[in-house]
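Engineer: There's a structure below that I have some questions on.
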Amino acid sequence: MTERPDTAPGCPLHDAAVPLYKYAEHGEVARVWETLRERYGQVAPVELEPGLPVWLLLGYEENLEVMRDWGGFSRDTRRWCDVRDGKRSPGDDLPIGMGYSGSALYADGAEHARLIAPVTDALARLSDVRVRADITRAADRLIDDFCAQGGADLMADYCTLLPAMVLNRLFGLDDAFGYALGDLTTAMWGHDGDRSAEAAARMRDYFAGLVRHKRAVPGEDLTSWMLGHGSGPTDQETADQLVTMAAAAHLPTANLLGNVLRELLADDALARDFAGGGLLLDEVVDHVVWTVPPVQVLPARFATRPAVVGGTRVAEGEPLAFGLAAAHADPRLRRGHQDEGAVPSGHNRAHLIWGAGEHRCPARAVAERVVEIGVERLRARLGGLRLALPPEELWWAPSLFYRGPAALPVEFEPAEPLPAPEPAPAAPSPTPGPEEGSDALLVRVLRWWQGSGRRARRGG
């Protein structure tokens, strides 16, 4: 690989970092990828927040190279030069992907293999029939909450809740906890600092309580299977894995579902091709992943030795962030296309959203089923589904890391809720009782959620 001539040996990353965070407040960050590429090439120095510089990988090949080379680029935050030099602690309040926990996400090599085995083996025990049934029931329950009203905000009322409801079912709890998990995750990434901190504390209660309950009362669910794995994971390791699984799956899946629905509702040509059978749903999803990826920036890998990436020198311990949106817009991917504006889509599944190499997403199939069935259930149950405002008035949620609609207001023909479903599998009672036994922390989560007023609005 040829080294960029304008990269001086030993040039500190901190000196020229572009404050990328400034463009996130108004959803404008997607406009800067090409400007950064023109100025720096395929790797750019940026700040994720004031005083937090990283190398942002803009090129498709550069992102893929770092994803696959776990020996040269570690996921372990303790290798970060700022941690090594005592400037930061892995336990500091840091952006997503820059902190540290004892889950497989932050391990490499043999330790990663040990920690990820309970996750992959548990996911392998899920039948497609079980997954489809859980997603369908969760989607129908959410649609039942608003179908009679003739209108809804699909982001708040459906897209952000469906992945959490599904995960919660697969974890082995009833739907009351699914609503709570969805609201907790949303609050954690909101702009109300006090509510975010409180939601984070209740999220810890949720997962600690989940593990404690399933240790005492195991069932046919991911949590119980992980706890019973032959590698003997500890309760803390299992809780850390579940936290990581929920964090990695929730917002990316919610935004992917929201982006697919937005495109189908706002792009008449795309909607006609889909409705007429010219495009299959998985082709629509791949098109959206290439053009409006739900994850824009994802920290971080840390160089285990001095390296050259995309012609840029990276010092040992310096962090690199994946620029997934920029990589999908890499002009080099368009070479050979007659339409210079074209991007790989259709059946091209070489996008980077699910990762590559050792740290590729183990729950990709579940996330794709959530999007597929989430779209299908809306189309099947809501006649005349349409945007409630012109497409140009939709706006993006202000986020540096994710890309999804801030709101997706729709109108449709009012419909009746479905008949009451069969009773859910045995789980902790949603009615708060004495805070004792294996359910105490879960009861605390429900009390927090009920006190927030969300339960009354959802009829939970």
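Each chain in the structure tokens gets a letter, A, B, ..., in the order shown, and its residues are numbered from 1; ligands are numbered from 1 in order too.
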Identify, with DSSP run on backbone atoms, the residues in segment 31-167 of chain A assigned to alpha helix (DSSP H), and express the list as a count of residues only.
Structural biologist: 63
Engineer: Neighbours of segment 170-182 of chain A within 6 Å (only C-alpha atoms; same-chain residues fewer than 3 positions away dropped), as a list in words?
Structural biologist: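 Counting only C-alpha atoms, the residues come to Leu161, Ala164, Met165, Leu167, Thr185, Asp221, Leu222, Thr223, Ala427 and Trp449 of chain A.
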Engineer: So that I can see what lies close to segment 115-128 of chain A, please list as JSON, numbers by chain the residues with an atom at most 12 Å from it, counting only C-alpha atoms and leaving out residues fewer than 3 positions away in the same chain.
Structural biologist: {"A": [101, 102, 103, 104, 105, 106, 107, 108, 109, 110, 111, 112, 131, 132, 133, 134, 135, 136, 167, 169, 170, 171, 220, 221, 222, 223, 224, 225, 226, 227, 228, 229, 230, 231, 232, 233, 234, 236, 237, 238, 239, 240, 241, 242, 243, 244, 245, 358, 359, 360, 361, 362, 363, 364, 365, 366, 367, 368, 369, 370]}
Engineer: Would you list the contacts of Arg386 of chain A as a count of residues only, taking every protein, DNA or RNA residue within 9 Å and counting only C-alpha atoms, but skipping same-chain residues closer than 3 positions in sequence?
Structural biologist: 7
Engineer: A:Ile373, A:Pro45, A:Leu320, A:Tyr402: which is nearest Arg137 of chain A, counting only C-alpha atoms?
Structural biologist: A:Ile373
Engineer: Mind checking DSSP for segment 125-349 of chain A and telling me the strand (DSSP E or B) residues as a PyMOL selection string?
Structural biologist: chain A and resi 151-153+295+297-303+307-309+312-314+319-323
Engineer: Atom CA of Leu57 of chain A and atom CA of Cys81 of chain A, how far apart in Å?
Structural biologist: 18.3 Å
Engineer: Quick one: residues within 9 Å of segment 281-297 of chain A, only C-alpha atoms counted, chain neighbours fewer than 5 positions away excluded, as a VMD selection string?
Structural biologist: chain A and resid 29 to 30 56 251 to 260 263 to 264 270 274 321 to 326 328 to 329 343 to 349 351 to 353 368 371 to 372 375 399 to 404
Engineer: Keeping only N, CA and C atoms, write the selected residues as a compact mmCIF listing (two decimals), in the first residue's frame.
Structural biologist:
# COMPACT_ATOMS: atom_id res chain seq x y z
N VAL A 29 -24.57 15.21 9.09
CA VAL A 29 -23.25 14.59 9.02
C VAL A 29 -23.02 13.88 7.69
N ALA A 30 -24.08 13.36 7.05
CA ALA A 30 -23.91 12.63 5.79
C ALA A 30 -23.35 13.51 4.68
N LEU A 56 -11.08 8.13 10.97
CA LEU A 56 -12.33 7.68 10.36
C LEU A 56 -12.03 7.03 9.01
N LEU A 251 -31.05 -0.36 18.04
CA LEU A 251 -31.17 0.84 17.21
C LEU A 251 -30.81 0.61 15.74
N PRO A 252 -29.77 -0.18 15.42
CA PRO A 252 -29.53 -0.44 14.01
C PRO A 252 -30.73 -1.11 13.31
N THR A 253 -31.34 -2.09 13.99
CA THR A 253 -32.50 -2.76 13.39
C THR A 253 -33.69 -1.81 13.30
N ALA A 254 -33.91 -1.03 14.36
CA ALA A 254 -35.02 -0.06 14.35
C ALA A 254 -34.85 0.94 13.22
N ASN A 255 -33.64 1.44 13.04
CA ASN A 255 -33.41 2.42 11.98
C ASN A 255 -33.47 1.79 10.59
N LEU A 256 -33.01 0.54 10.47
CA LEU A 256 -33.12 -0.12 9.17
C LEU A 256 -34.59 -0.31 8.80
N LEU A 257 -35.40 -0.75 9.75
CA LEU A 257 -36.83 -0.89 9.50
C LEU A 257 -37.44 0.47 9.15
N GLY A 258 -37.09 1.50 9.90
CA GLY A 258 -37.61 2.84 9.62
C GLY A 258 -37.18 3.37 8.27
N ASN A 259 -35.92 3.11 7.89
CA ASN A 259 -35.42 3.59 6.60
C ASN A 259 -36.09 2.87 5.44
N VAL A 260 -36.33 1.56 5.59
CA VAL A 260 -37.02 0.80 4.55
C VAL A 260 -38.45 1.32 4.38
N GLU A 263 -38.45 4.77 2.68
CA GLU A 263 -38.22 4.72 1.24
C GLU A 263 -39.46 4.20 0.50
N LEU A 264 -40.10 3.19 1.05
CA LEU A 264 -41.29 2.64 0.39
C LEU A 264 -42.45 3.64 0.39
N LEU A 270 -39.96 3.30 -6.38
CA LEU A 270 -39.55 2.12 -5.62
C LEU A 270 -40.78 1.37 -5.12
N PHE A 274 -41.86 -2.50 -6.08
CA PHE A 274 -42.06 -3.49 -5.02
C PHE A 274 -43.47 -4.07 -5.07
N ALA A 321 -12.27 4.41 13.56
CA ALA A 321 -13.73 4.23 13.53
C ALA A 321 -14.15 3.82 12.13
N PHE A 322 -15.10 2.91 12.05
CA PHE A 322 -15.63 2.49 10.77
C PHE A 322 -16.59 3.55 10.24
N GLY A 323 -16.32 4.05 9.04
CA GLY A 323 -17.22 5.00 8.39
C GLY A 323 -18.09 4.24 7.41
N LEU A 324 -19.13 3.58 7.90
CA LEU A 324 -19.91 2.67 7.07
C LEU A 324 -20.69 3.42 5.99
N ALA A 325 -21.28 4.55 6.35
CA ALA A 325 -22.02 5.33 5.34
C ALA A 325 -21.07 5.85 4.27
N ALA A 326 -19.91 6.33 4.67
CA ALA A 326 -18.93 6.81 3.70
C ALA A 326 -18.42 5.66 2.83
N HIS A 328 -20.01 2.93 1.95
CA HIS A 328 -21.03 2.54 0.98
C HIS A 328 -21.17 3.57 -0.14
N ALA A 329 -20.70 4.78 0.11
CA ALA A 329 -20.73 5.82 -0.93
C ALA A 329 -19.37 5.99 -1.61
N VAL A 343 -25.17 2.65 -7.19
CA VAL A 343 -24.42 1.98 -6.15
C VAL A 343 -24.76 0.51 -6.22
N PRO A 344 -23.91 -0.36 -5.71
CA PRO A 344 -24.26 -1.77 -5.66
C PRO A 344 -25.54 -1.96 -4.87
N SER A 345 -26.49 -2.67 -5.40
CA SER A 345 -27.74 -2.90 -4.69
C SER A 345 -28.33 -4.20 -5.19
N GLY A 346 -29.67 -4.29 -5.20
CA GLY A 346 -30.30 -5.51 -5.66
C GLY A 346 -29.84 -6.69 -4.82
N HIS A 347 -29.27 -7.71 -5.47
CA HIS A 347 -28.83 -8.90 -4.75
C HIS A 347 -27.41 -8.76 -4.22
N ASN A 348 -26.79 -7.58 -4.36
CA ASN A 348 -25.45 -7.40 -3.85
C ASN A 348 -25.51 -7.25 -2.32
N ARG A 349 -24.98 -8.23 -1.61
CA ARG A 349 -25.06 -8.22 -0.15
C ARG A 349 -23.70 -8.00 0.49
N HIS A 351 -22.47 -5.37 1.54
CA HIS A 351 -22.41 -4.18 2.40
C HIS A 351 -21.80 -4.55 3.75
N LEU A 352 -21.44 -3.53 4.52
CA LEU A 352 -20.62 -3.73 5.71
C LEU A 352 -21.38 -3.59 7.02
N ILE A 353 -22.70 -3.40 6.95
CA ILE A 353 -23.48 -3.13 8.16
C ILE A 353 -23.35 -4.24 9.20
N GLU A 368 -32.64 -9.36 10.22
CA GLU A 368 -33.25 -9.31 8.89
C GLU A 368 -34.69 -9.80 8.92
N VAL A 371 -36.98 -6.95 10.19
CA VAL A 371 -37.30 -5.96 9.15
C VAL A 371 -38.30 -6.54 8.16
N GLU A 372 -38.04 -7.75 7.71
CA GLU A 372 -38.92 -8.39 6.72
C GLU A 372 -40.35 -8.51 7.23
N VAL A 375 -42.23 -5.11 8.01
CA VAL A 375 -42.85 -4.49 6.83
C VAL A 375 -44.08 -5.27 6.41
N SER A 399 -27.94 12.36 14.98
CA SER A 399 -27.02 11.37 15.55
C SER A 399 -25.80 11.27 14.67
N LEU A 400 -24.64 11.20 15.29
CA LEU A 400 -23.40 10.99 14.56
C LEU A 400 -23.27 9.52 14.15
N PHE A 401 -23.80 8.63 14.97
CA PHE A 401 -23.55 7.22 14.78
C PHE A 401 -24.63 6.51 13.96
N TYR A 402 -25.89 6.90 14.14
CA TYR A 402 -26.99 6.22 13.48
C TYR A 402 -27.66 7.12 12.45
N ARG A 403 -28.41 6.49 11.53
CA ARG A 403 -29.15 7.23 10.52
C ARG A 403 -30.55 6.65 10.45
N GLY A 404 -31.53 7.40 10.89
CA GLY A 404 -32.90 6.96 10.86
C GLY A 404 -33.84 8.15 10.98
Engineer: Would you list the contacts of Arg39 of chain A as an mmCIF file with C-alpha atoms, in the first residue's frame, taking every protein, DNA or RNA residue within 12 Å and counting only C-alpha atoms, but skipping same-chain residues closer than 4 positions in sequence?
Structural biologist:
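Result saved to out_15.cif:
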data_model
loop_
_atom_site.group_PDB
_atom_site.id
_atom_site.type_symbol
_atom_site.label_atom_id
_atom_site.label_comp_id
_atom_site.auth_asym_id
_atom_site.auth_seq_id
_atom_site.Cartn_x
_atom_site.Cartn_y
_atom_site.Cartn_z
ATOM 1 C CA ASP A 6 1.354 14.489 2.960
ATOM 2 C CA ALA A 16 -5.797 18.119 12.584
ATOM 3 C CA VAL A 18 -12.173 17.629 12.151
ATOM 4 C CA VAL A 32 -19.355 15.729 4.932
ATOM 5 C CA TRP A 33 -18.112 12.319 3.718
ATOM 6 C CA GLU A 34 -17.023 13.494 0.287
ATOM 7 C CA THR A 35 -15.525 16.697 1.674
ATOM 8 C CA VAL A 43 -8.745 7.932 6.062
ATOM 9 C CA ALA A 44 -9.525 11.193 7.879
ATOM 10 C CA PRO A 45 -8.719 12.524 11.364
ATOM 11 C CA LEU A 58 -13.931 6.468 4.561
#
Engineer: Of the residues A:Pro53, A:Ala152, A:Thr77, A:Trp448, which is the one nearest to Leu378 of chain A, using only C-alpha atoms?
Structural biologist: A:Ala152
